[in-house]
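For reference, the structure discussed in these notes is given below.
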Amino acid sequence: MKQGRLRVLLGAAPGVGKTYAMLEEGRRLRSQGKDVVVAVVETHGRAATRAMTLGFEIVPRIRVSHRGVELEEMDLDAVIARAPDYALVDELAHTNAPGLAHEKRWRDVETLLDAGIDVISTVNIQHIESLNDVVQQITGVPQRETIPDAVLREADQIEVVDLAPQALRDRLSEGVVYPEARIDAALSNYFRLGNLTALRELALLWLADEVESSLQKYRTEHGIGQKWEARERVVVALTGGPEGETLLRRGSRIAARSAGGQLLAVHVTSQDGLRQADPGALPAQRSLVESLGGTFHQVVGSDIPTALVEFAKASNATQLVIGVSRRSRLGAVLTGPGIGATVIRESGDIDVHIVNHSAAGGNRFSLPHPHGSLTVRRRVYGLVLALAGGPLLTWLLASFRNEDSITSDVLSYQLLVVVVALVGGIWPALFAAVLSGLTLDYFFVDPLYTVTVDKPLHLLALVLYVVIAVLVSIVVDQAARRSRAARRSAAESELIAGVAGEVLRGQDAFQAFVTRTREAFGLTGVRILVGDRVLASDGEPAGQDGGDRVVVNHEATLELHGRPLQSSDRRLLGVIVAQLASALEHADLEETAREMAPLAAADRVRSALLAAVGHDLRRPLAGATAAVTGLRASGATLSPADRDELLDTAETSLKQLTDLLTDLLDVSRVQAGVLAVAQQPVDLADVVPAALEQLDVGPAEVDLDLPADLPTIQADPVLLERVLVNLLSNALRYTPADQRVVVAASAFQHTVQIRVIDRGPGVPDDRREDIFVPFQRLGDTDNTTGLGLGLALSKGFVEGMGGTLEFEETPHGGSTMVVTLAEAAA
């Protein structure tokens with residue numbers, strides 16, 4: 001019997017359309033004459049999904065009784081007995097009711113596949129076992145039903161049913177996914193935009209990894225050993241020259257040819273510095289890299305080709321783009337093959353692209369600059385030049401020797417000594433001077449073929465050779481040292497400018513410091529410590545024992561891991577530490593400014609308080625005063641009805657005055673941080689009815705949605721009741737007469753959310769930041785509604801209980817106030 005094939009539709013979240021797509025594929029197969037049955041489909045009350053099942057043969061489910069509840073499960077035996085070509089099985093990770101043949105539905109699917117039945121199924125990313133904990137960290141919701149990764153990877157075909165996060169939220173708001181009563185809680189909890197974006201990325205990455213595994217499996221089965229580059233990583237080498245833009249655009253086109261290709265630009269700063277570099281070129285090229293979707297890196301290396309190749313290999317690069325040398329032909333002849341040839345030789349299996357540009361070979365009439373310091377390589381070159389040039393020059397001069405050529409012979413040997421001094425410094429020059437003097441005396445000064453200094457003049461000539469060689473070598477060495485120092489300073493300035501540029505572009509200053517410090521000195525890890533707290537870190541071994549610590553100020557230290565720094569690096573490190581100290585001081589000043597902001601806000605509140613007291617307290621005070629004055633002046637002549645009316649006016653005015661003063665005292669306690677809170681486990685079923693009773697409203701005006709299994713919360717019952725009264729009074733004031741306010745509650749990630757939902761006009765976008773500010777009525781001119789302290793007090797009370805009060809827009813219009821409080825400890 002042939003083995004059935006499994007096709008799985010993978011979704012990032014409920015509601016993306018997996019079941020609908022499965023049924024749609026079933027219809028397509030039926031139109032081709034295939035025998036398709038619905039083994040089990042969960043519609044979850046969605047009308048569109050239910051309509052898609054019409055016309056299918058549906059295998060009746062089996063009923064299972066468990067703890068007094070009747071459960072319906074897929075009838076595995078009935079599906080096998082029916083023996084269709086295809087079976088549609090929804091929710092692959094589902095846990096079956098106890099007593100069935102298998103505990104999990106994917107086990108049932110394996111049995112169907114063994115029976116030769118092809119299966120189309122669905123699963124969400126949160127049910128994959130390896131991602132279960134990641135999804136819980138993102139959403140805060142544990143998933144108890146999982147499917148092993150190995151089972152899913154054995155599927156013959158896996159497809160992602162993709163839907164943009166905002167589109168899914170729109171479907172949810174329209175009631176396509178959940179009933180209306182669950183929409184608000186779902187949008188604010190599991191279906192937050194950030195959650196959906198992260199889940200979507202997880203699904204796509206998991207499928208990409210599965211594709212990579214399938215490709216590797218195919219290559220193994222077919223014995224394919226050579227390297228297949230499924231993803232391009234293109235490294236572009238920037239020198240700071242004008243050709244950088246051309247190289248970057250070429251590298252970007254190479255990366256774009258492969259889906260998911262990455263572009264990396266790297267600039268290697270060495271002690272030699274840059275040749276004819278434009279100081280403004282690198283910042284402009286960095287901006288271009290970022291606009292092309294790439295990343296910019298800067299490393300320091302004594303040998304530019306080696307540093308470049310090492311960076312490319314560490315980045316797992318597949319392509320390396322460099323420019324044609326800007327040296328002249330004469331420079332290329334005198335200084336060797338150059339960076340391009342060395343990169344090609346050391347790159348290994350990395351493809352190297354040498355791109356022509358307008359600046360190539362542009363310096364045709366200038367001699368190449370010597371390298372900064374006299375390295376061992378240069379001394380060897382000088383020695384080789386002396387050993388090879390001396391015999392060659394002797395052979396040439398001997399071929400054309402005559403009685404009058406002694407002067408040109410002496411000058412020729414002197415030129416050889418100067419050239420050797422320029423190339424190799426003092427020791428090769430001394431060797432060339434002695435060798436040239438002896439050769440000149442042996443071959444060209446009588447008596448020939450003997451080394452005899454019989455005249456003081458000949459000895460003087462030999463001494464002059466040595467003196468000239470030493471003087472030229474000293475000049476060359478000093479020039480090289482000064483050039484090295486100047487270029488080192490240029491490289492340091494470039495590094496500091498790069499860090500400052502990142503800070504000015506709005507990037508995290510401290511992260512920029514540690515990243516650039518690690519790259520500049522070739523370290524494995526760098527971090528900034530403030531006391532025992534890590535302010536910023538970059539690299540793997542941060543925190544490892546044995547790191548080099550540099551004091552920044554009385555609180556902060558810079559910790560370095562990797563190679564020990566040379567004395568020349570310490571000066572640059574000192575500059576970085578000084579800038580870091582300035583950045584820390586700036587951060588302290590910003591923190592001080594933030595601490596001063598509440599004082600300014602308090603001053604504004606006091607001004608508003610004075611205005612409110614002068615305006616809103618005057619009315620009830622005037623009413624009470626007028627009523628008492630009337631009673632005193634005409635008490636004996638008033639009728640009982642008039643007396644009662646004046647007493648009612650006085651009582652109402654004094655009550656309003658008392659309520660206003662109570663709110664003022666409460667808001668002052670909240671702002672002073674001295675609010676008395678008596679936390680205890682509270683059952684919402686006790687607090688919500690008390691708030692409704694205080695407002696004298698009932699089911700005709702308010703709908704309650706309080707689940708029976710809602711956990712108790714940690715709160716102050718008196719303050720919570722006042723919060724609900726304030727929120728309900730606002731909602732009732734703005735809700736139209738033909739609509740009702742909704743009070744709903746739900747549990748989420750060890751918290752309980754209470755939602756007060758109205759269908760009023762809502763709050764304009766430009767005023768949402770002001771709704772929790774004291775003395776704000778947002779255009780409400782009715783002075784009988786109070787001082788505008790309700791929402792400010794409610795927010796202060798909720799925060800005093802350790803919770804949050806937030807505003808959300810109600811789908812289809814209105815406002816939703818969300819109170820979030822922690823569950824009470826068990």
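Convention: chains lettered A, B, ... in structure tokens order; per-chain residue numbering from 1; ligands numbered from 1 as shown.
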Subject >> Shell around A:Ser412 at 9 Å using only C-alpha atoms, local window under 4 positions removed, as a list in words >> reply: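 Within the cut-off, the hits are Leu393, Leu397, Thr407, Ser408, Leu416 and Val417 of chain A.
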Got time to write the residues from that selection, all heavy atoms, as a PDB file, in the first residue's frame?
```pdb
ATOM      1  N   LEU A 393      74.767  46.327 -11.658  1.00  0.00           N
ATOM      2  CA  LEU A 393      75.377  47.607 -12.005  1.00  0.00           C
ATOM      3  C   LEU A 393      76.859  47.420 -12.367  1.00  0.00           C
ATOM      4  O   LEU A 393      77.378  48.051 -13.298  1.00  0.00           O
ATOM      5  CB  LEU A 393      75.219  48.582 -10.835  1.00  0.00           C
ATOM      6  CG  LEU A 393      75.791  49.986 -11.043  1.00  0.00           C
ATOM      7  CD1 LEU A 393      75.107  50.676 -12.234  1.00  0.00           C
ATOM      8  CD2 LEU A 393      75.628  50.827  -9.776  1.00  0.00           C
ATOM      9  N   LEU A 397      78.529  48.565 -15.895  1.00  0.00           N
ATOM     10  CA  LEU A 397      79.623  49.541 -15.951  1.00  0.00           C
ATOM     11  C   LEU A 397      80.907  48.927 -16.520  1.00  0.00           C
ATOM     12  O   LEU A 397      81.664  49.589 -17.254  1.00  0.00           O
ATOM     13  CB  LEU A 397      79.884  50.098 -14.549  1.00  0.00           C
ATOM     14  CG  LEU A 397      78.751  50.930 -13.938  1.00  0.00           C
ATOM     15  CD1 LEU A 397      79.103  51.367 -12.522  1.00  0.00           C
ATOM     16  CD2 LEU A 397      78.422  52.136 -14.806  1.00  0.00           C
ATOM     17  N   THR A 407      84.397  58.753 -13.233  1.00  0.00           N
ATOM     18  CA  THR A 407      83.453  59.675 -12.558  1.00  0.00           C
ATOM     19  C   THR A 407      82.020  59.158 -12.614  1.00  0.00           C
ATOM     20  O   THR A 407      81.297  59.135 -11.614  1.00  0.00           O
ATOM     21  CB  THR A 407      83.528  61.065 -13.214  1.00  0.00           C
ATOM     22  OG1 THR A 407      84.874  61.542 -13.155  1.00  0.00           O
ATOM     23  CG2 THR A 407      82.598  62.043 -12.499  1.00  0.00           C
ATOM     24  N   SER A 408      81.579  58.720 -13.831  1.00  0.00           N
ATOM     25  CA  SER A 408      80.217  58.179 -13.949  1.00  0.00           C
ATOM     26  C   SER A 408      80.068  56.890 -13.151  1.00  0.00           C
ATOM     27  O   SER A 408      78.988  56.584 -12.609  1.00  0.00           O
ATOM     28  CB  SER A 408      79.872  57.954 -15.423  1.00  0.00           C
ATOM     29  OG  SER A 408      80.765  57.008 -16.002  1.00  0.00           O
ATOM     30  N   LEU A 416      72.965  54.072  -6.485  1.00  0.00           N
ATOM     31  CA  LEU A 416      72.476  52.789  -5.961  1.00  0.00           C
ATOM     32  C   LEU A 416      72.346  52.849  -4.437  1.00  0.00           C
ATOM     33  O   LEU A 416      71.343  52.386  -3.863  1.00  0.00           O
ATOM     34  CB  LEU A 416      73.425  51.666  -6.371  1.00  0.00           C
ATOM     35  CG  LEU A 416      73.111  50.283  -5.787  1.00  0.00           C
ATOM     36  CD1 LEU A 416      71.746  49.796  -6.276  1.00  0.00           C
ATOM     37  CD2 LEU A 416      74.201  49.276  -6.143  1.00  0.00           C
ATOM     38  N   VAL A 417      73.336  53.453  -3.775  1.00  0.00           N
ATOM     39  CA  VAL A 417      73.279  53.563  -2.315  1.00  0.00           C
ATOM     40  C   VAL A 417      72.072  54.399  -1.884  1.00  0.00           C
ATOM     41  O   VAL A 417      71.357  54.067  -0.936  1.00  0.00           O
ATOM     42  CB  VAL A 417      74.593  54.160  -1.777  1.00  0.00           C
ATOM     43  CG1 VAL A 417      74.469  54.447  -0.280  1.00  0.00           C
ATOM     44  CG2 VAL A 417      75.744  53.216  -2.041  1.00  0.00           C
TER      45      VAL A 417
END
```
Just want the 8 Å neighbourhood of A:Glu808, counted on only C-alpha atoms, with same-chain residues fewer than 4 positions away dropped. Output as an mmCIF file with N, CA and C atoms, in the first residue's frame.
```cif
data_model
loop_
_atom_site.group_PDB
_atom_site.id
_atom_site.type_symbol
_atom_site.label_atom_id
_atom_site.label_comp_id
_atom_site.auth_asym_id
_atom_site.auth_seq_id
_atom_site.Cartn_x
_atom_site.Cartn_y
_atom_site.Cartn_z
ATOM 1 N N SER A 815 -14.936 55.181 22.996
ATOM 2 C CA SER A 815 -13.726 55.123 23.809
ATOM 3 C C SER A 815 -13.775 53.913 24.716
ATOM 4 N N THR A 816 -12.602 53.339 24.965
ATOM 5 C CA THR A 816 -12.479 52.206 25.880
ATOM 6 C C THR A 816 -11.396 52.539 26.893
ATOM 7 N N MET A 817 -11.762 52.478 28.184
ATOM 8 C CA MET A 817 -10.797 52.666 29.256
ATOM 9 C C MET A 817 -10.435 51.288 29.815
ATOM 10 N N VAL A 818 -9.136 50.991 29.829
ATOM 11 C CA VAL A 818 -8.654 49.675 30.211
ATOM 12 C C VAL A 818 -7.890 49.781 31.524
#
```
**OP:** Enumerate the residues of stretch 657-759 of chain A with a DSSP assignment of helix (DSSP H, G or I), computed from the backbone, and present them as an MDAnalysis selection string.
**Re:** chainID A and resid 657:672 684:695 717:734
Atoms kept (C-alpha atoms) for selection, written as a short mmCIF file (atom, residue, chain, number, x, y, z; two decimals), in the first residue's frame:
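Just written: selection.cif:
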```
data_model
loop_
_atom_site.label_atom_id
_atom_site.label_comp_id
_atom_site.auth_asym_id
_atom_site.auth_seq_id
_atom_site.Cartn_x
_atom_site.Cartn_y
_atom_site.Cartn_z
CA LEU A 657 -18.47 71.56 47.50
CA THR A 658 -17.47 68.60 49.69
CA ASP A 659 -17.03 66.33 46.65
CA LEU A 660 -14.89 68.93 44.87
CA LEU A 661 -12.69 69.46 47.91
CA THR A 662 -12.35 65.69 48.37
CA ASP A 663 -11.18 65.34 44.77
CA LEU A 664 -8.73 68.19 45.21
CA LEU A 665 -7.27 66.59 48.33
CA ASP A 666 -7.05 63.22 46.61
CA VAL A 667 -5.27 64.59 43.55
CA SER A 668 -2.81 66.42 45.81
CA ARG A 669 -2.10 63.12 47.64
CA VAL A 670 -1.59 61.34 44.33
CA GLN A 671 0.84 63.99 43.10
CA ALA A 672 2.69 64.01 46.41
CA LEU A 684 -14.81 42.04 40.77
CA ALA A 685 -18.24 40.49 41.24
CA ASP A 686 -18.45 42.49 44.48
CA VAL A 687 -16.97 45.81 43.33
CA VAL A 688 -18.70 46.32 39.96
CA PRO A 689 -22.30 46.01 41.29
CA ALA A 690 -21.43 48.41 44.13
CA ALA A 691 -20.22 51.01 41.61
CA LEU A 692 -23.40 50.59 39.53
CA GLU A 693 -25.53 50.95 42.63
CA GLN A 694 -23.72 54.16 43.59
CA LEU A 695 -24.51 55.57 40.13
CA PRO A 717 -11.72 47.89 47.04
CA VAL A 718 -12.63 51.47 48.00
CA LEU A 719 -10.26 53.05 45.48
CA LEU A 720 -11.23 50.55 42.78
CA GLU A 721 -14.90 51.36 43.29
CA ARG A 722 -14.18 55.08 42.93
CA VAL A 723 -12.23 54.36 39.74
CA LEU A 724 -15.14 52.42 38.26
CA VAL A 725 -17.61 55.12 39.29
CA ASN A 726 -15.54 57.79 37.53
CA LEU A 727 -15.08 55.72 34.37
CA LEU A 728 -18.74 54.64 34.24
CA SER A 729 -20.03 58.17 34.81
CA ASN A 730 -17.90 59.42 31.89
CA ALA A 731 -19.03 56.54 29.66
CA LEU A 732 -22.72 57.05 30.53
CA ARG A 733 -22.44 60.79 29.90
CA TYR A 734 -21.18 60.34 26.32
#
```
**OP:** Would you mind listing what lies within 12 Å of A:Trp395 as a PyMOL selection string, with only C-alpha atoms counted and same-chain residues fewer than 4 positions away left out?
**Re:** chain A and resi 388-391+399-401+409+439-440+443-444
Quick one: residues within 10 Å of A:Val123, only C-alpha atoms counted, chain neighbours fewer than 6 positions away excluded, as a PDB file with N, CA, C and O atoms, in the first residue's frame?
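Saved as result-v7.pdb:
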```
ATOM      1  N   VAL A   8       0.708  20.569   5.023  1.00  0.00           N
ATOM      2  CA  VAL A   8       0.367  21.348   6.212  1.00  0.00           C
ATOM      3  C   VAL A   8       0.329  22.821   5.855  1.00  0.00           C
ATOM      4  O   VAL A   8       1.249  23.345   5.206  1.00  0.00           O
ATOM      5  N   LEU A   9      -0.746  23.493   6.268  1.00  0.00           N
ATOM      6  CA  LEU A   9      -0.876  24.939   6.117  1.00  0.00           C
ATOM      7  C   LEU A   9      -0.528  25.581   7.452  1.00  0.00           C
ATOM      8  O   LEU A   9      -1.209  25.352   8.456  1.00  0.00           O
ATOM      9  N   LEU A  10       0.545  26.373   7.473  1.00  0.00           N
ATOM     10  CA  LEU A  10       1.087  26.959   8.704  1.00  0.00           C
ATOM     11  C   LEU A  10       0.673  28.421   8.801  1.00  0.00           C
ATOM     12  O   LEU A  10       0.803  29.179   7.843  1.00  0.00           O
ATOM     13  N   GLY A  11       0.174  28.806   9.965  1.00  0.00           N
ATOM     14  CA  GLY A  11      -0.249  30.189  10.185  1.00  0.00           C
ATOM     15  C   GLY A  11       0.463  30.808  11.357  1.00  0.00           C
ATOM     16  O   GLY A  11       0.905  30.118  12.281  1.00  0.00           O
ATOM     17  N   ALA A  12       0.582  32.142  11.337  1.00  0.00           N
ATOM     18  CA  ALA A  12       1.242  32.850  12.427  1.00  0.00           C
ATOM     19  C   ALA A  12       0.334  33.029  13.632  1.00  0.00           C
ATOM     20  O   ALA A  12       0.808  33.146  14.753  1.00  0.00           O
ATOM     21  N   ALA A  13      -0.993  33.043  13.422  1.00  0.00           N
ATOM     22  CA  ALA A  13      -1.927  33.290  14.519  1.00  0.00           C
ATOM     23  C   ALA A  13      -3.311  32.825  14.084  1.00  0.00           C
ATOM     24  O   ALA A  13      -3.571  32.633  12.884  1.00  0.00           O
ATOM     25  N   PRO A  14      -4.233  32.631  15.027  1.00  0.00           N
ATOM     26  CA  PRO A  14      -5.605  32.305  14.653  1.00  0.00           C
ATOM     27  C   PRO A  14      -6.213  33.413  13.805  1.00  0.00           C
ATOM     28  O   PRO A  14      -5.957  34.600  14.029  1.00  0.00           O
ATOM     29  N   LYS A  18      -6.217  29.793   7.634  1.00  0.00           N
ATOM     30  CA  LYS A  18      -5.684  28.450   7.339  1.00  0.00           C
ATOM     31  C   LYS A  18      -6.808  27.485   6.979  1.00  0.00           C
ATOM     32  O   LYS A  18      -6.736  26.775   5.971  1.00  0.00           O
ATOM     33  N   THR A  19      -7.844  27.440   7.829  1.00  0.00           N
ATOM     34  CA  THR A  19      -8.949  26.513   7.578  1.00  0.00           C
ATOM     35  C   THR A  19      -9.660  26.857   6.278  1.00  0.00           C
ATOM     36  O   THR A  19     -10.015  25.962   5.493  1.00  0.00           O
ATOM     37  N   ASP A  90      -8.410  19.438  10.371  1.00  0.00           N
ATOM     38  CA  ASP A  90      -8.059  20.737  10.947  1.00  0.00           C
ATOM     39  C   ASP A  90      -7.312  20.560  12.274  1.00  0.00           C
ATOM     40  O   ASP A  90      -7.442  19.527  12.943  1.00  0.00           O
ATOM     41  N   GLU A  91      -6.528  21.564  12.666  1.00  0.00           N
ATOM     42  CA  GLU A  91      -5.864  21.659  13.970  1.00  0.00           C
ATOM     43  C   GLU A  91      -5.045  20.405  14.275  1.00  0.00           C
ATOM     44  O   GLU A  91      -5.397  19.577  15.105  1.00  0.00           O
ATOM     45  N   LEU A  92      -3.896  20.318  13.626  1.00  0.00           N
ATOM     46  CA  LEU A  92      -3.040  19.148  13.726  1.00  0.00           C
ATOM     47  C   LEU A  92      -2.523  18.924  15.141  1.00  0.00           C
ATOM     48  O   LEU A  92      -2.262  17.781  15.536  1.00  0.00           O
ATOM     49  N   ALA A  93      -2.349  19.983  15.938  1.00  0.00           N
ATOM     50  CA  ALA A  93      -1.789  19.851  17.283  1.00  0.00           C
ATOM     51  C   ALA A  93      -2.842  19.573  18.346  1.00  0.00           C
ATOM     52  O   ALA A  93      -2.522  19.513  19.528  1.00  0.00           O
ATOM     53  N   HIS A  94      -4.080  19.359  17.956  1.00  0.00           N
ATOM     54  CA  HIS A  94      -5.179  19.173  18.897  1.00  0.00           C
ATOM     55  C   HIS A  94      -4.967  17.950  19.794  1.00  0.00           C
ATOM     56  O   HIS A  94      -4.456  16.916  19.360  1.00  0.00           O
ATOM     57  N   THR A 146       1.009  21.056  21.712  1.00  0.00           N
ATOM     58  CA  THR A 146       2.180  21.226  20.851  1.00  0.00           C
ATOM     59  C   THR A 146       2.340  20.011  19.949  1.00  0.00           C
ATOM     60  O   THR A 146       1.776  18.941  20.211  1.00  0.00           O
ATOM     61  N   ILE A 147       3.132  20.210  18.914  1.00  0.00           N
ATOM     62  CA  ILE A 147       3.452  19.136  17.981  1.00  0.00           C
ATOM     63  C   ILE A 147       4.963  19.115  17.813  1.00  0.00           C
ATOM     64  O   ILE A 147       5.588  20.172  17.667  1.00  0.00           O
ATOM     65  N   LEU A 152       6.400  17.629  12.100  1.00  0.00           N
ATOM     66  CA  LEU A 152       6.022  18.631  11.116  1.00  0.00           C
ATOM     67  C   LEU A 152       7.015  18.661   9.946  1.00  0.00           C
ATOM     68  O   LEU A 152       6.623  18.822   8.789  1.00  0.00           O
ATOM     69  N   VAL A 160       3.030  28.510   4.235  1.00  0.00           N
ATOM     70  CA  VAL A 160       2.623  29.551   5.172  1.00  0.00           C
ATOM     71  C   VAL A 160       1.416  30.288   4.603  1.00  0.00           C
ATOM     72  O   VAL A 160       1.461  30.797   3.484  1.00  0.00           O
TER      73      VAL A 160
END
```
**OP:** Between A:Asp184, A:Gly525, A:Ala650, A:Ala312, single out the one closest to A:Ala744, counting only C-alpha atoms.
**Re:**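 Smallest separation from A:Ala744 among the options: A:Asp184.
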